Each structure stands twice: as structure tokens, then as C-alpha cells.
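Q: Let me begin by handing over the structure; questions about it come next.
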Amino acid sequence: MLEQSKIEKITSDLLRPIRLSKSFMAWMGFLGVSLVVCLGAYAMQLKDGLVVTGLGDYVSWGMYISNFVFFVATSLIGMLISAVLGLSGAKWASPLARIAEIIALAFAAVAGLVIVSDMGHPERLLNVFMYGRIQSPILWDVTVVTIYVLISALFLYIPLIPDLKICADKLDKLPPFARNIYKALSLNWSGSHEQEKIIKQLTRAIAIFIIPVALAIHTVTSWLFASTSRVGWDSTIFGPYFVTGAFVSGTAAVIIAMYFYRKNYKLEDYITLSHFDKIGKLLVLVSLIYLYFNLNEYMVPGYKMKKFDAIHLNALFTGTHALLFWSVQIFGLILPIILLVFNKMRKPLPMLVIASFVLVGAWFKRYIIVIPTMEHPFLPIQNVPLNFKVYSPTLIETLVTIAPFILVLLIITILSKVIPIISIHETIKELEEKNN
Amino acid sequence: MLRKNIPYRFVLTVILVASFYLQPFAQGWDVPADKKAKNSYIKFDKATAKEGETVYTKNCQSCHGDIGKNNSLKSLKPIPPDLSSTKSQQLTDGELFYILNTGRMIMPSFNNVLSETDRWKVISYIRSFNNSYIQVLSKTDPTKSNLVKINLSYDSINSIVRVQVTASEKAGVVALKNSEIILFANRYFGKLQIDKTLRTDNDGIALFRFTKNLPGDKSGNVELIVKVNDDKYGEILSQSKLKIGVPTDKPSLTEKRAIWNVLLKAPIWLIITYTSGVLIFGVFLLFLLYGLFRIKKSGNN
């Protein structure tokens with residue numbers, strides 16, 4: 001048996017962040033004000049429609065759709081860390097599971113909103129449900145995103161039940177209504193053998209089920225592009241290309257979150273240097289796989305240079321988009337891989353910097369996937385003003401693109417203020433197992 | 001050989017290039033005097049201007065912009081003028097009508113796109129931006145067109161469509177002589193002109209050569225439209241079906257189940273894949289909820 005004092009230390013360590021602090025209020029205030037500014041921009045878009053953006057007849061998918069792909073991508077990380085690593089018995093990753101699931105849930109839930117921001121008439125979203133055609137990947141996407149959000153919420157909630165009980169019992173200075181919510185959500189948890197068994201069964205089932213769902217959500221997102229015959233999208237490997245890219249941005253997001261949680265919540269004993277070391281290696285692995293897909297995606301058509309592909313690829317390799325294209329590949333992928341191979345680089349601070357580059361690179365990678373293709377239609381663009389041909393986002397559009405990031409940060413911040421971001425129940429159980 | 005050609009080619013090139021560049025500045029419309037003097041039989045008032053605005057928004061705004069705001073499509077060459085400009089407003093009603101009918105280069109001809117009434121209404125709208133404009137109404141009586149009768153027949157041996165235009169005046173039936181006459185076949189995306197624009201002879205008859213291979217409907221019917229333009233009787237349109245086309249019975253592309261069809265005609269494999277995916281999720285969700293219920297119940301004991 002574990003000594004009581006140790007259990008109490010773990011509990012109090014992990015419960016400590018759950019209280020309202022001054023820095024939390026300041027951070028929330030900052031997020032709130034930024035959100036209001038961005039919503040103001042969105043209100044202008046609602047009033048005047050998409051003319052306030054840089055979108056037009058030719059480039060009708062711009063930053064909003066890139067943003068959507070990025071959000072869906074990042075949300076896949078819950079599946080990688082909690083499900084894939086969990087099921088394969090990689091114990092080291094289990095303290096990171098909840099962080100990954102919070103990130104997954106936040107990004108997935110907001111992804112649905114991001115797509116609505118691309119609609120001049122958001123109320124017409126209802127048309128998808130009323131007149132949707134199951135032949136259209138758009139409908140599959142809406143379906144699978146909804147399912148993924150629900151599953152991710154349950155994947156976060158079910159393993160959380162024992163911790164909710166601990167919260168209800170151990171948190172002092174809790175207003176009664178909050179305690180009641182914790183109690184209600186903890187479903188009479190008593191830690192009985194039977195309850196433990198059911199939770200284990202459910203968690204395992206959901207971990208298995210979420211793998212195909214997560215693969216589906218991002219594969220379908222890739223099919224939104226790949227089911228057309230446009231240059232740059234007409235590719236058979238778009239599904240795995242997107243999924244592997246998703247693991248890169250998701251892992252980077254988790255690393256950034258780990259850094260701040262560890263530092264702000266003083267969790268050095270729980271999110272250790274070894275965790276950084278291991279997830280750094282994981283980032284190298286997923287980045288290498290993604291690099292391999294990039295090689296296929298660009299080198300094979302680049303070798304053949306078919307008539308229409310050539311226009312597109314030349315714009316990427318040496319033309320108008322070359323600077324962005326190569327920056328993304330070098331600073332967002334190749335350099336991080338090389339740097340992270342060194343032990344010295346797999347430490348919290350360097351990894352924060354590297355992961356930030358990877359994440360920003362991942363966002364611009366989506367931009368590179370979406371926009372240049374739109375600028376290169378099969379029929380030549382004639383007799384139109386320059387700003388129809390070349391996409392340049394407007395300020396309003398940029399603010400509306402930033403809004404989802406603020407929302408994600410808000411969700412993550414609030415969630416980590418109401419639930420322990422590392423499972424108390426699991427941590428204690430693992431220690432007990434180790435001691436026996 | 002090649003050398004000899006050079007001066008010749010050079011001159012030709014200069015002429016071509018010059019005419020191309022001078023084209024946008026070739027301002028005048030050179031409207032024949034009789035057309036220039038033509039007036040509208042429709043009164044230009046608030047009501048017709050309002051109806052004209054609808055026609056304008058649909059057919060003209062994309063190039064000419066909002067009248068009076070000088071926001072026409074500047075990337076075109078020549079730039080479509082803002083129609084409230086002095087230059088445009090100095091044109092007579094007849095000239096505006098003529099321009100609408102004939103078009104020039106980028107400016108399309110609306111002769112066969114808009115009815116005469118609609119063409120006058122859009123001019124009414126253009127005039128509503130000119131306060132000093134005073135209308136001179138035409139003396140033609142638009143109800144006179146109701147007297148006109150158009151008769152269509154087909155001579156299958158010579159493949160000729162014969163059109164006869166007559167008017168039943170009080171004094172008896174008279175033929176419309178020397179009036180402009182156009183024959184169209186109604187097609188999926190608009191009207192297809194048959195043969196050339198002709199003029200009726202002294203008996204009010206015009207003969208159109210018809211190509212035999214025009215696809216018709218299942219039984220070979222083709223919808224024909226005759227448009228007559230007469231100085232006295234105005235514009236007359238008449239539609240009739242003749243069995244002169246090649247019977248065509250292609251199954252419609254939306255008949256069978258297909259990717260591009262409506263939801264109810266989606267391919268079976270897609271319906272099965274999609275619904276089974278959603279069903280599997282539904283069952284799984286129930287399983288999870290039941291699990292949560294079991295946890296709660298077990299805690300009660």
C-alpha cells in the first residue's frame with residue numbers, strides 16, 4: 001500500500017491549480033477583450049457578407065478553410081496520444097493523455113465554428129441538414145466532425161469521473177452549486193471494484209473506437225479537396241498526407257501546452273524532463289513520416305511537370321508562393337527534425353521554441369495547400385481586376401481567423417481551471433501498481 | 001521570299017495594331033437617321049423606370065455598374081461608360097435603342113435577349129437619372145401588334161420553313177411587307193437562330209432554310225419562335241411547335257442513381273456506407289451511455 005501522505009501530496013499538487021488566481025483573471029480578461037475585438041470584425045462580415053474578405057469568384061477558399069483544416073488536424077492528437085500510445089502500452093504518455101484530450105476537444109469543437117465563418121449567410125448551415133446530399137463530402141465532413149466532437153467529449157469525461165469525485169470531496173472553498181455539479185457529474189463514484197471495471201471497459205472501447213473516427217475526420221477533410229480534379233488537390237495520398245500532417249501539428253500543440261502547464265502550475269514532478277525527451281522523439285518520428293509524404297506529394301508531380309501541374313508547382317517552387325513554401329518546409333519541418341535529434345534540444349525551453357515554429361509552419365502549410373490551387377484554375381482567368389486573381393486577406397478576415405484561436409485558448413484555460421489536467425486517480429493507481 | 005514579305009507584313013502589322021488601339025477611341029455610334037429618330041411607345045415614368053431597374057440589374061450592372069456611381073468594370077476595354085454621363089444622355093432614345101439592339105464589340109446585342117418592351121423600360125430607367133430629359137412619345141399604337149397573325153408551315157422536300165405574316169385590319173387582311181423577320185428554335189440554354197434575318201416579300205412571306213438534323217423531342221417536335229419587327233405594327237413574337245426535328249429520346253442524366261443526382265437518387269453503395277457509419281456510431285453511443293448508467297447504478301448500492 002502507498003502511504004497516505006504520498007497520496008495526499010499528489011492530490012493536493014494536482015488540485016492546486018483549480019482556484020481563481022489573479023493571473024488567471026488577467027489572462028481571461030485579455031482573452032475576453034481580444035475575442036470581443038474579433039467578434040466585432042465578424043459582426044461586420046455578418047452585416048456586409050464575404051465582400052469584406054479577400055475571397056472572390058476564383059479564390060473562394062482562403063484563410064478560413066486553411067484554418068478549418070488546421071483545427072481539424074490539431075484535434076487529431078487526442079487519438080494519437082491517448083488511444084494509440086495508450087493501447088500500445090506506452091505508459092510514459094498517460095500523464096499527457098488528458099492534456100491531449102483537452103486540446104483535441106477544444107480544437108474539434110471550434111473547427112465546426114471555423115467552417116461557419118466561411119459562410120456569408122451562416123444560417124444557411126441548416127440547409128446542409130435539410131437538403132444535404134450524401135454524395136457530397138461536405139455532408140460527410142459535417143457528420144464526422146460532429147461525431148468526433150461527441151466522442152472526444154466522452155473520451156475526456158469518462159476517465160475523469162473518479163477525479164470529479166475527488167474534486168467534490170477535496171476542493172475547499174467551493175461554492176455549493178459547483179460542488180453539486182462535481183457530485184452530479186461523478187455519478188455516485190465510490191471506487192468499487194465493479195465501477196473500476198466498467199470505467200476500464202468503457203475507456204478501452206472508446207480508445208479503440210476513436211481511432212477510425214479520427215482517421216475518418218481528417219481523411220474526409222482531405223477528400224473535400226481530393227475529390228475534385230484540381231491541380232495540387234487531385235492526389236490519391238491526400239488522406240494519409242493530411243493525417244500524418246495532423247500528428248505533427250497536434251504533437252507541437254501538446255508540447256507547447258506541456259511547457260506552460262508545467263511552469264504555471266508547478267507540475268515539474270509530474271510533467272518531467274523525460275516526458276519532454278520522449279515526446280520530442282515522437283515529434284521527430286511523426287515529422288519524418290510527414291516529410292516522406294511531402295516528398296511524394298511534391299516530387300512525383302514535380303518530376304512529371306504535367307501541363308497544368310507545372311503552373312501550380314512552379315508558383316510553389318520558384319514563383320509567387322516560393323518564399324512561404326520553402327519557409328514552411330525548412331523551418332516548420334526539416335530544421336525541427338534535425339534539431340530535435342540532439343539530446344540537448346529535447347529540453348523544455350528549446351522544445352517550446354521548436355514546437356512553436358512547427359505549429360506556425362503547420363498553419364501556413366494549410367495555407368499553401370488551399371490557396372495556390374485556387375489561384376490556378378484550369379480555365380484561364382481573363383478580364384478581371386488583379387485582386388480577383390491574387391488572393392490577399394483583409395484585416396477583418398484576419399481578425400475572424402484569429403477568433404477561433406482565442407476560443408480554443410478560452411476553452412483550454414477554463415477546462416484546466418475546473419478539472420485536474422493530470423489524472424489524480426490514474427497517477428495514484430500507477431504508483432500503487434509500481435509499489436506492489 | 002521571306003525577305004520580300006517583310007515590308008508587306010510590317011505595314012499589315014502596323015495597320016492591325018493601330019486599328020486595335022484606335023478601336024476603343026472610335027467613339028461615335030453612327031446610327032442611321034431613321035433609327036435615331038425612333039421614339040418609345042412606352043411612357044418613361046416612375047413605374048416603368050422601376051421595372052427597367054430590374055432589367056438593368058440583371059443584364060447590364062455587371063459591366064456598367066450602378067448608374068451615377070461611376071463604378072463600371074474598369075478592366076474592360078473600352079470601359080463601359082456610366083450611363084448617367086452627359087455623353088450617354090446626349091444620345092437620343094432611338095440611338096440608345098439602336099445600341100441596345102446591335103451592340104458593339106464587348107457591348108452585347110440585346111435584340112434577341114430582351115423583348116422590345118423590356119428594352120424601352122431599361123431606357124426609361126437610364127433616363128430617370130437625367131432631370132432635364134423630356135420624352136417625346138412615339139405615335140405607334142402598341143395594341144396594333146395584336147392584329148398580326150403569323151402562319152408557319154414546313155416544306156419537308158425542300159426543307160424550308162415558310163412564314164407568312166398578316167394583319168387583320170377592319171378593311172380586311174393585309175400582308176406585312178418588307179418587315180424584318182427572325183426565326184429561332186428554342187434550345188436548352190437559349191434561342192438558336194435558324195438561317196439569316198430576312199425581310200418579308202410583298203405577300204408577307206419569308207422562306208427560311210432549315211437544316212434537317214436539328215434534334216427535337218421524343219416525337220421530333222421543335223419549338224419555333226418567330227420574331228417580326230415592323231415599323232407600323234411594332235415587335236411581334238409568336239411560338240409554335242412543328243414536327244420537323246430528329247426524334248431524340250436520350251435518357252436524362254438525372255434519371256438513374258448517380259453521384260450528381262439528388263439525395264433520393266444517390267448511389268446505393270454510398271447510402272449503405274454512410275448510414276451504416278452513422279448507425280455504428282449510434283449503437284456505440286448507446287453502449288457508452290448505458291455504461292455510464294451502470295456506473296451510477298452500481299454507486300447507489
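Chain labels follow the order of the C-alpha cells: the first chain is A, the next B, and so on; residue numbering restarts at 1 in every chain, and ligands are counted from 1 in their shown order.
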When you look at Ser235 (chain A) with a cut-off of 10 Å (counting only C-alpha atoms), what residues show up, excluding the ones that are within fewer than 5 positions of it in the same chain? I need them as a ChimeraX atom specification.
A: /A:222-223,225-230,241,297,301
Q: With C-alpha atoms retained, could you export that selection as an mmCIF file, in the first residue's frame?
A:
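Once everything was written out, this is out_12.cif:
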```cif
data_model
loop_
_atom_site.group_PDB
_atom_site.id
_atom_site.type_symbol
_atom_site.label_atom_id
_atom_site.label_comp_id
_atom_site.auth_asym_id
_atom_site.auth_seq_id
_atom_site.Cartn_x
_atom_site.Cartn_y
_atom_site.Cartn_z
ATOM 1 C CA SER A 222 -8.715 15.820 -47.216
ATOM 2 C CA TRP A 223 -11.380 14.458 -49.560
ATOM 3 C CA PHE A 225 -10.007 18.681 -51.735
ATOM 4 C CA ALA A 226 -9.003 15.362 -53.260
ATOM 5 C CA SER A 227 -12.453 14.556 -54.642
ATOM 6 C CA THR A 228 -12.023 17.430 -57.087
ATOM 7 C CA SER A 229 -9.724 17.255 -60.089
ATOM 8 C CA ARG A 230 -7.915 20.499 -59.415
ATOM 9 C CA TYR A 241 -0.856 13.064 -46.140
ATOM 10 C CA GLU A 297 3.217 14.766 -52.837
ATOM 11 C CA PRO A 301 4.224 15.517 -59.909
#
```
Q: Report as JSON lines: every residue of chain A with an atom at most 10 Å from chain B, its closest pair of atoms, and their distance in Å to one decimal, counting only C-alpha atoms, with rows sorted by chain and ascending residue number.
A:
```
{"residue": "A:Tyr131", "atom": "CA", "partner": "B:Leu263", "partner_atom": "CA", "distance": 8.0}
{"residue": "A:Gly132", "atom": "CA", "partner": "B:Leu263", "partner_atom": "CA", "distance": 7.4}
{"residue": "A:Arg133", "atom": "CA", "partner": "B:Leu263", "partner_atom": "CA", "distance": 4.8}
{"residue": "A:Ile134", "atom": "CA", "partner": "B:Leu263", "partner_atom": "CA", "distance": 6.5}
{"residue": "A:Gln135", "atom": "CA", "partner": "B:Ile259", "partner_atom": "CA", "distance": 5.6}
{"residue": "A:Ser136", "atom": "CA", "partner": "B:Ile259", "partner_atom": "CA", "distance": 8.3}
{"residue": "A:Leu139", "atom": "CA", "partner": "B:Tyr274", "partner_atom": "CA", "distance": 9.9}
{"residue": "A:Trp140", "atom": "CA", "partner": "B:Tyr274", "partner_atom": "CA", "distance": 7.8}
{"residue": "A:Thr143", "atom": "CA", "partner": "B:Val278", "partner_atom": "CA", "distance": 8.1}
{"residue": "A:Val144", "atom": "CA", "partner": "B:Val278", "partner_atom": "CA", "distance": 8.7}
{"residue": "A:Ile147", "atom": "CA", "partner": "B:Phe281", "partner_atom": "CA", "distance": 7.6}
{"residue": "A:Leu150", "atom": "CA", "partner": "B:Leu285", "partner_atom": "CA", "distance": 9.0}
{"residue": "A:Ile151", "atom": "CA", "partner": "B:Leu285", "partner_atom": "CA", "distance": 8.2}
{"residue": "A:Leu154", "atom": "CA", "partner": "B:Leu288", "partner_atom": "CA", "distance": 8.4}
{"residue": "A:Ile158", "atom": "CA", "partner": "B:Leu292", "partner_atom": "CA", "distance": 8.0}
{"residue": "A:Ile161", "atom": "CA", "partner": "B:Leu292", "partner_atom": "CA", "distance": 9.7}
{"residue": "A:Ala184", "atom": "CA", "partner": "B:Lys296", "partner_atom": "CA", "distance": 9.8}
{"residue": "A:Leu185", "atom": "CA", "partner": "B:Lys296", "partner_atom": "CA", "distance": 9.8}
{"residue": "A:Ser186", "atom": "CA", "partner": "B:Lys296", "partner_atom": "CA", "distance": 8.3}
{"residue": "A:Leu187", "atom": "CA", "partner": "B:Lys296", "partner_atom": "CA", "distance": 4.7}
{"residue": "A:Asn188", "atom": "CA", "partner": "B:Gly299", "partner_atom": "CA", "distance": 4.8}
{"residue": "A:Trp189", "atom": "CA", "partner": "B:Gly299", "partner_atom": "CA", "distance": 5.7}
{"residue": "A:Ser190", "atom": "CA", "partner": "B:Gly299", "partner_atom": "CA", "distance": 6.0}
{"residue": "A:Gly191", "atom": "CA", "partner": "B:Gly299", "partner_atom": "CA", "distance": 8.5}
{"residue": "A:Ser192", "atom": "CA", "partner": "B:Gly299", "partner_atom": "CA", "distance": 7.7}
{"residue": "A:His193", "atom": "CA", "partner": "B:Ser298", "partner_atom": "CA", "distance": 9.9}
{"residue": "A:Glu194", "atom": "CA", "partner": "B:Ser298", "partner_atom": "CA", "distance": 7.3}
{"residue": "A:Gln195", "atom": "CA", "partner": "B:Ile295", "partner_atom": "CA", "distance": 5.4}
{"residue": "A:Glu196", "atom": "CA", "partner": "B:Ile295", "partner_atom": "CA", "distance": 8.7}
{"residue": "A:Lys197", "atom": "CA", "partner": "B:Ile295", "partner_atom": "CA", "distance": 9.4}
{"residue": "A:Ile198", "atom": "CA", "partner": "B:Gly291", "partner_atom": "CA", "distance": 6.7}
{"residue": "A:Ile199", "atom": "CA", "partner": "B:Ile295", "partner_atom": "CA", "distance": 7.7}
{"residue": "A:Gln201", "atom": "CA", "partner": "B:Gly291", "partner_atom": "CA", "distance": 8.8}
{"residue": "A:Leu202", "atom": "CA", "partner": "B:Leu288", "partner_atom": "CA", "distance": 6.6}
{"residue": "A:Thr203", "atom": "CA", "partner": "B:Leu288", "partner_atom": "CA", "distance": 9.3}
{"residue": "A:Ala205", "atom": "CA", "partner": "B:Leu288", "partner_atom": "CA", "distance": 8.7}
{"residue": "A:Ile206", "atom": "CA", "partner": "B:Leu288", "partner_atom": "CA", "distance": 8.2}
{"residue": "A:Phe209", "atom": "CA", "partner": "B:Phe284", "partner_atom": "CA", "distance": 8.5}
{"residue": "A:Val213", "atom": "CA", "partner": "B:Phe281", "partner_atom": "CA", "distance": 9.2}
{"residue": "A:Gln382", "atom": "CA", "partner": "B:Ser75", "partner_atom": "CA", "distance": 9.7}
{"residue": "A:Asn383", "atom": "CA", "partner": "B:Ser75", "partner_atom": "CA", "distance": 6.1}
{"residue": "A:Val384", "atom": "CA", "partner": "B:Ser75", "partner_atom": "CA", "distance": 6.1}
{"residue": "A:Pro385", "atom": "CA", "partner": "B:Ser75", "partner_atom": "CA", "distance": 5.9}
{"residue": "A:Leu386", "atom": "CA", "partner": "B:Ser75", "partner_atom": "CA", "distance": 9.0}
```
Q: Based on DSSP run over this structure's backbone, return all residues of region 66-246 of chain B in alpha helix (DSSP H), as a list in words.
A: Thr86, Lys87, Ser88, Gln89, Asp93, Gly94, Glu95, Leu96, Phe97, Tyr98, Ile99, Leu100, Asn101, Thr102, Glu116, Thr117, Asp118, Arg119, Trp120, Lys121, Val122, Ile123, Ser124, Tyr125, Ile126 and Arg127 of chain B
Q: Neighbours of Phe260 (chain A) within 12 Å (only C-alpha atoms; same-chain residues fewer than 4 positions away dropped), as a VMD selection string?
A: chain A and resid 99 253 to 256 264 to 268 271 348 to 349 351 to 352 412 to 413 416 421
Q: Contacts of region 203-207 of chain B at 9 Å or less, counting only C-alpha atoms, minus same-chain residues fewer than 5 places along, as a PyMOL selection string?
A: chain B and resi 160-166+174-179+181+198
Q: For the residues in that selection, give me N, CA, C and O atoms as a PDB file, in the first residue's frame.
A:
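And here's out_16.pdb as it stands now:
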```pdb
ATOM      1  N   ILE B 160     -37.755  23.693 -96.022  1.00  0.00           N
ATOM      2  CA  ILE B 160     -37.893  25.138 -95.898  1.00  0.00           C
ATOM      3  C   ILE B 160     -39.036  25.448 -94.951  1.00  0.00           C
ATOM      4  O   ILE B 160     -40.114  24.832 -95.030  1.00  0.00           O
ATOM      5  N   VAL B 161     -38.805  26.351 -94.031  1.00  0.00           N
ATOM      6  CA  VAL B 161     -39.886  26.804 -93.149  1.00  0.00           C
ATOM      7  C   VAL B 161     -40.464  28.077 -93.771  1.00  0.00           C
ATOM      8  O   VAL B 161     -39.745  29.037 -94.021  1.00  0.00           O
ATOM      9  N   ARG B 162     -41.754  28.048 -93.996  1.00  0.00           N
ATOM     10  CA  ARG B 162     -42.396  29.173 -94.649  1.00  0.00           C
ATOM     11  C   ARG B 162     -43.176  29.937 -93.593  1.00  0.00           C
ATOM     12  O   ARG B 162     -43.973  29.371 -92.851  1.00  0.00           O
ATOM     13  N   VAL B 163     -42.925  31.220 -93.532  1.00  0.00           N
ATOM     14  CA  VAL B 163     -43.611  32.040 -92.540  1.00  0.00           C
ATOM     15  C   VAL B 163     -44.387  33.121 -93.266  1.00  0.00           C
ATOM     16  O   VAL B 163     -43.844  33.809 -94.144  1.00  0.00           O
ATOM     17  N   GLN B 164     -45.651  33.242 -92.920  1.00  0.00           N
ATOM     18  CA  GLN B 164     -46.439  34.306 -93.525  1.00  0.00           C
ATOM     19  C   GLN B 164     -46.990  35.198 -92.415  1.00  0.00           C
ATOM     20  O   GLN B 164     -47.550  34.720 -91.432  1.00  0.00           O
ATOM     21  N   VAL B 165     -46.826  36.505 -92.596  1.00  0.00           N
ATOM     22  CA  VAL B 165     -47.265  37.455 -91.583  1.00  0.00           C
ATOM     23  C   VAL B 165     -48.360  38.345 -92.172  1.00  0.00           C
ATOM     24  O   VAL B 165     -48.163  39.005 -93.182  1.00  0.00           O
ATOM     25  N   THR B 166     -49.488  38.346 -91.519  1.00  0.00           N
ATOM     26  CA  THR B 166     -50.607  39.160 -91.988  1.00  0.00           C
ATOM     27  C   THR B 166     -51.223  39.897 -90.814  1.00  0.00           C
ATOM     28  O   THR B 166     -51.019  39.507 -89.657  1.00  0.00           O
ATOM     29  N   VAL B 174     -54.351  42.217 -94.499  1.00  0.00           N
ATOM     30  CA  VAL B 174     -53.263  42.738 -95.313  1.00  0.00           C
ATOM     31  C   VAL B 174     -51.968  42.023 -94.960  1.00  0.00           C
ATOM     32  O   VAL B 174     -51.797  41.569 -93.832  1.00  0.00           O
ATOM     33  N   ALA B 175     -51.063  41.909 -95.941  1.00  0.00           N
ATOM     34  CA  ALA B 175     -49.773  41.273 -95.671  1.00  0.00           C
ATOM     35  C   ALA B 175     -48.793  42.314 -95.161  1.00  0.00           C
ATOM     36  O   ALA B 175     -48.848  43.478 -95.561  1.00  0.00           O
ATOM     37  N   LEU B 176     -47.908  41.917 -94.239  1.00  0.00           N
ATOM     38  CA  LEU B 176     -46.876  42.828 -93.747  1.00  0.00           C
ATOM     39  C   LEU B 176     -45.694  42.748 -94.698  1.00  0.00           C
ATOM     40  O   LEU B 176     -45.019  41.724 -94.762  1.00  0.00           O
ATOM     41  N   LYS B 177     -45.460  43.824 -95.410  1.00  0.00           N
ATOM     42  CA  LYS B 177     -44.417  43.800 -96.423  1.00  0.00           C
ATOM     43  C   LYS B 177     -43.125  44.361 -95.871  1.00  0.00           C
ATOM     44  O   LYS B 177     -43.139  45.324 -95.099  1.00  0.00           O
ATOM     45  N   ASN B 178     -42.045  43.762 -96.323  1.00  0.00           N
ATOM     46  CA  ASN B 178     -40.714  44.273 -96.015  1.00  0.00           C
ATOM     47  C   ASN B 178     -40.480  44.486 -94.513  1.00  0.00           C
ATOM     48  O   ASN B 178     -39.817  45.422 -94.101  1.00  0.00           O
ATOM     49  N   SER B 179     -41.067  43.625 -93.685  1.00  0.00           N
ATOM     50  CA  SER B 179     -40.737  43.760 -92.260  1.00  0.00           C
ATOM     51  C   SER B 179     -39.657  42.730 -91.900  1.00  0.00           C
ATOM     52  O   SER B 179     -39.570  41.659 -92.502  1.00  0.00           O
ATOM     53  N   ILE B 181     -37.735  39.857 -90.119  1.00  0.00           N
ATOM     54  CA  ILE B 181     -38.292  38.631 -89.547  1.00  0.00           C
ATOM     55  C   ILE B 181     -37.164  37.663 -89.198  1.00  0.00           C
ATOM     56  O   ILE B 181     -36.234  37.447 -89.973  1.00  0.00           O
ATOM     57  N   LEU B 198     -34.364  37.806 -92.215  1.00  0.00           N
ATOM     58  CA  LEU B 198     -34.910  38.052 -93.554  1.00  0.00           C
ATOM     59  C   LEU B 198     -35.904  39.203 -93.517  1.00  0.00           C
ATOM     60  O   LEU B 198     -36.212  39.739 -92.449  1.00  0.00           O
TER      61      LEU B 198
END
```
Q: Mind giving me the straight-line distance from CA of Thr197 (chain B) to CA of Ile182 (chain B) in Å, one decimal?
A: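 Separating CA of Thr197 (chain B) from CA of Ile182 (chain B) is a distance of 4.9 Å.
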